[in-house]
2 protein chains.
Amino acid sequence: MPETPSASAQPPHRRRSASSRRAILDASLDLCADQGYGPVTVEAIAARAGVSKKTIYRWWPSKGAVVLEALDDAANPAADFPDSGDLLEDLVVQMEGLVRGLFSDRRFGPALVGLIADTQHDPMLARGLVDDLFGPRVEDARRRLVKARDVGQISQDADPNLVIELLYAPLYYRLLLHQGDLHDTTELRVLIEHVMRAVAPKT
Amino acid sequence: MPETPSASAQPPHRRRSASSRRAILDASLDLCADQGYGPVTVEAIAARAGVSKKTIYRWWPSKGAVVLEALDDAANPAADFPDSGDLLEDLVVQMEGLVRGLFSDRRFGPALVGLIADTQHDPMLARGLVDDLFGPRVEDARRRLVKARDVGQISQDADPNLVIELLYAPLYYRLLLHQGDLHDTTELRVLIEHVMRAVAPKT
């Protein structure tokens with residue numbers, strides 16, 4: 001592999017792009033937090049980030065695509081998947097991080113909800129949501145569950161995809177269908193314990 | 001209670017209202033099926049139903065409110081809750097009816113998805129979704145689960161609200177987050193069996 005030049009050795013053009021990218025992503029989240037996702041425009045993002053509309057459209061096809069990338073950056077620490085060897089405790093930590101760090105965060109929650117709404121009318125954005133935002137995280141969860149299955153913490157018959165639906169769908173159900181407060185730690189633990197019981201190893 | 005006059009004895013004004021109501025609700029669903037929810041306007045619904053915009057706004061505050069009432073009518077046969085005494089079989093029938101008769105119906109599915117998206121920007125519509133469309137059906141499900149708990153088919157500790165989330169949230173997860181095809185009968189049965197295992201009576 002060729003040597004990667006250090007940031008300061010990059011041509012000015014590349015450096016400007018990286019800082020503009022950050023400014024644009026931040027501006028999109030700030031605006032979603034202030035106004036909700038709906039009223040935010042590419043024009044407003046450009047103005048707040050101090051770039052031209054043209055700059056944004058050179059890199060992203062729509063406001064939704066900007067917000068998607070901003071959330072993808074944000075989700076990395078929030079949705080990280082621990083592996084302590086204890087599946088139940090790892091799920092509590094991960095799901096709590098997701099609810100606290102993303103869903104109920106003032107800066108990320110409304111942006112995520114608005115983005116998901118937008119994907120209902122925009123098939124390209126829906127593809128981005130599935131492939132870029134959800135895909136890698138669902139894959140992390142699946143890997144953790146397969147490992148737990150391999151060491152006999154859950155049943156050999158357990159279908160990781162079904163387990164993922166049972167665990168995570170209730171969070172989106174409350175978030176998107178206005179079904180009350182998001183899960184607190186106690187509720188998350190009860191939810192996870194129920195799902196673990198559903199796929200407990202046969203004795 | 002005073003006698004209710006028969007439909008034909010009602011003044012012409014009331015009769016016209018009922019048929020206009022039906023025409024307006026049908027027009028809103030037809031348009032959602034043709035174009036998707038997003039582009040549909042109150043103007044287009046009025047034109048298709050052969051009424052004035054003013055007539056629609058006299059009865060409903062927004063296009064979303066029209067679609068909500070149309071779906072509420074449609075959901076009655078589709079989401080009815082049977083009570084054969086066998087909880088698992090009743091859930092299979094009810095959830096299959098919901099997926100087949102509503103979610104994957106060409107006339108109702110896109111309208112429902114678009115409506116849910118719209119509730120993310122419209123708090124009054126969100127309230128309507130929760131109180132009018134979901135509320136009574138969640139209550140039906142809760143009643144059926146409490147009865148099953150009373151006769152010992154599920155654990156005395158089982159929380160009906162959690163069971164409802166475990167059962168129904170996965171349907172909305174696939175529908176709203178583009179996570180593949182909706183559940184077929186086999187998948188529904190597997191899902192329900194897992195949830196029943198999670199709340200099985202202690203032996």
# chains A, B, ... in the order shown; residues from 1 in each chain; ligands from 1
$ interface_residues --of "chain B" --to "chain A" --cutoff "10 Å" --atoms "only C-alpha atoms" --output "JSON, numbers by chain"
{"B": [36, 37, 38, 39, 110, 113, 114, 115, 116, 117, 118, 119, 120, 121, 123, 126, 127, 129, 130, 134, 135, 158, 162, 163, 164, 165, 166, 167, 168, 169, 170, 171, 172, 173, 174, 175, 176, 177, 178, 179, 180, 187, 190, 191, 193, 194, 195, 196, 197, 198, 199, 200]}
$ select_by_dssp --residues "stretch 3-141 of chain B" --states "alpha helix (DSSP H)" --output "ChimeraX atom specification"
/B:12-35,42-49,53-59,63-78,87-98,109-119,123-128,135-141
$ residues_around --residues "B:Glu69" --least-positions-apart "4" --cutoff "9 Å" --atoms "only C-alpha atoms" --output "PDB file with C-alpha atoms, in the first residue's frame"
ATOM      1  CA  LEU B  25     -61.986   8.970   1.827  1.00  0.00           C
ATOM      2  CA  GLY B  64     -53.226  13.577   6.552  1.00  0.00           C
ATOM      3  CA  ALA B  65     -56.411  13.718   8.613  1.00  0.00           C
ATOM      4  CA  ASP B  73     -62.261   2.616   8.184  1.00  0.00           C
ATOM      5  CA  ALA B  74     -60.065   0.190   6.236  1.00  0.00           C
ATOM      6  CA  ASP B 132     -57.665   7.087  16.733  1.00  0.00           C
ATOM      7  CA  LEU B 133     -55.779   4.573  14.582  1.00  0.00           C
TER       8      LEU B 133
END
$ residues_around --residues "A:Leu112" --least-positions-apart "5" --cutoff "9 Å" --atoms "only C-alpha atoms" --output "MDAnalysis selection string"
chainID A and resid 37 67:68 71 102:103 117
$ write_last_selection --atoms "C-alpha atoms" --output "PDB file, in the first residue's frame"
ATOM      1  CA  TYR A  37     -35.657  18.136   9.829  1.00  0.00           C
ATOM      2  CA  VAL A  67     -27.960  14.341   7.215  1.00  0.00           C
ATOM      3  CA  LEU A  68     -27.431  10.623   6.574  1.00  0.00           C
ATOM      4  CA  LEU A  71     -25.644  10.640  11.439  1.00  0.00           C
ATOM      5  CA  LEU A 102     -28.576   8.869  19.354  1.00  0.00           C
ATOM      6  CA  PHE A 103     -32.380   8.562  19.671  1.00  0.00           C
ATOM      7  CA  ALA A 117     -39.610   9.970   7.207  1.00  0.00           C
TER       8      ALA A 117
END
$ closest_residue --among "A:Leu98, A:Ala49, A:Cys32, A:Val66" --to "A:His183" --atoms "only C-alpha atoms"
A:Leu98
$ residues_around --residues "stretch 75-92 of chain A" --least-positions-apart "4" --cutoff "9 Å" --atoms "only C-alpha atoms" --output "compact mmCIF listing (two decimals) with N, CA and C atoms, in the first residue's frame"
# COMPACT_ATOMS: atom_id res chain seq x y z
N ALA A 70 -23.97 12.74 8.20
CA ALA A 70 -23.71 13.32 9.53
C ALA A 70 -24.09 12.31 10.63
N LEU A 71 -25.21 11.63 10.44
CA LEU A 71 -25.64 10.64 11.44
C LEU A 71 -24.74 9.41 11.43
N GLU A 96 -28.37 0.86 25.28
CA GLU A 96 -28.44 2.08 26.07
C GLU A 96 -27.69 3.21 25.36
N GLY A 97 -26.54 2.88 24.79
CA GLY A 97 -25.78 3.87 24.04
C GLY A 97 -26.57 4.40 22.85
N LEU A 98 -27.28 3.50 22.21
CA LEU A 98 -28.07 3.87 21.03
C LEU A 98 -29.22 4.82 21.42
N VAL A 99 -29.93 4.46 22.49
CA VAL A 99 -31.06 5.29 22.92
C VAL A 99 -30.57 6.63 23.46
N ARG A 100 -29.61 6.57 24.41
CA ARG A 100 -29.10 7.82 25.01
C ARG A 100 -28.34 8.66 24.00
N GLY A 101 -27.41 8.03 23.30
CA GLY A 101 -26.46 8.79 22.48
C GLY A 101 -27.00 9.21 21.13
N LEU A 102 -28.08 8.56 20.69
CA LEU A 102 -28.58 8.87 19.35
C LEU A 102 -30.06 9.27 19.39
N PHE A 108 -29.24 14.62 17.42
CA PHE A 108 -29.31 13.50 16.47
C PHE A 108 -30.72 12.93 16.32
N LEU A 133 -26.18 3.39 6.76
CA LEU A 133 -26.39 3.66 8.19
C LEU A 133 -26.72 2.38 8.95
N ARG A 137 -24.10 -1.69 11.01
CA ARG A 137 -24.42 -1.89 12.43
C ARG A 137 -25.19 -3.17 12.63
N ASP A 140 -22.65 -5.87 12.56
CA ASP A 140 -21.95 -5.98 13.85
C ASP A 140 -22.78 -6.77 14.86
N ALA A 141 -24.07 -6.44 14.93
CA ALA A 141 -24.96 -7.14 15.87
C ALA A 141 -25.04 -8.62 15.50
N ARG A 144 -21.96 -10.48 16.57
CA ARG A 144 -21.95 -10.70 18.03
C ARG A 144 -22.89 -11.84 18.41
N LEU A 145 -24.04 -11.91 17.75
CA LEU A 145 -25.03 -12.96 18.07
C LEU A 145 -24.54 -14.32 17.60
N ALA A 148 -22.15 -15.52 20.11
CA ALA A 148 -22.86 -15.99 21.31
C ALA A 148 -23.49 -17.37 21.06
N GLN A 153 -24.45 -19.52 24.25
CA GLN A 153 -25.23 -18.59 25.09
C GLN A 153 -26.67 -18.45 24.60
N LEU A 167 -35.08 -7.33 19.30
CA LEU A 167 -34.38 -6.39 20.18
C LEU A 167 -34.58 -4.93 19.76
N THR A 185 -33.19 2.38 31.11
CA THR A 185 -32.31 1.22 31.32
C THR A 185 -33.07 0.01 31.83
N LEU A 188 -35.03 -1.49 28.98
CA LEU A 188 -34.13 -2.16 28.04
C LEU A 188 -33.72 -3.53 28.56
N ARG A 189 -33.39 -3.57 29.86
CA ARG A 189 -32.96 -4.84 30.45
C ARG A 189 -34.09 -5.87 30.41
N ILE A 192 -34.45 -7.08 26.80
CA ILE A 192 -33.36 -7.99 26.41
C ILE A 192 -33.53 -9.35 27.10
N GLU A 193 -33.90 -9.33 28.39
CA GLU A 193 -34.11 -10.61 29.11
C GLU A 193 -35.21 -11.44 28.45
N MET A 196 -33.77 -12.92 25.29
CA MET A 196 -32.85 -14.00 25.63
C MET A 196 -33.62 -15.27 26.02
$ atom_distance --atom1 "atom CA of B:Lys63" --atom2 "atom CA of B:Val42"
5.5 Å
$ residues_around --residues "B:Ala23" --least-positions-apart "6" --cutoff "9 Å" --atoms "only C-alpha atoms" --output "MDAnalysis selection string"
chainID B and resid 48:51
$ write_last_selection --atoms "C-alpha atoms" --output "compact mmCIF listing (two decimals), in the first residue's frame"
# COMPACT_ATOMS: atom_id res chain seq x y z
CA ARG B 48 -61.42 13.30 -7.62
CA ALA B 49 -64.24 13.12 -5.09
CA GLY B 50 -66.28 15.75 -6.94
CA VAL B 51 -66.50 18.09 -3.95
$ residues_around --residues "A:Tyr57" --least-positions-apart "2" --cutoff "12 Å" --atoms "only C-alpha atoms" --output "NGL selection string"
:A and (21 or 24 or 41-43 or 45-46 or 51-55 or 59-66)
$ closest_residue --among "A:Thr186, A:Ala27, A:Asp34, A:Thr203" --to "A:Arg106" --atoms "only C-alpha atoms"
A:Asp34
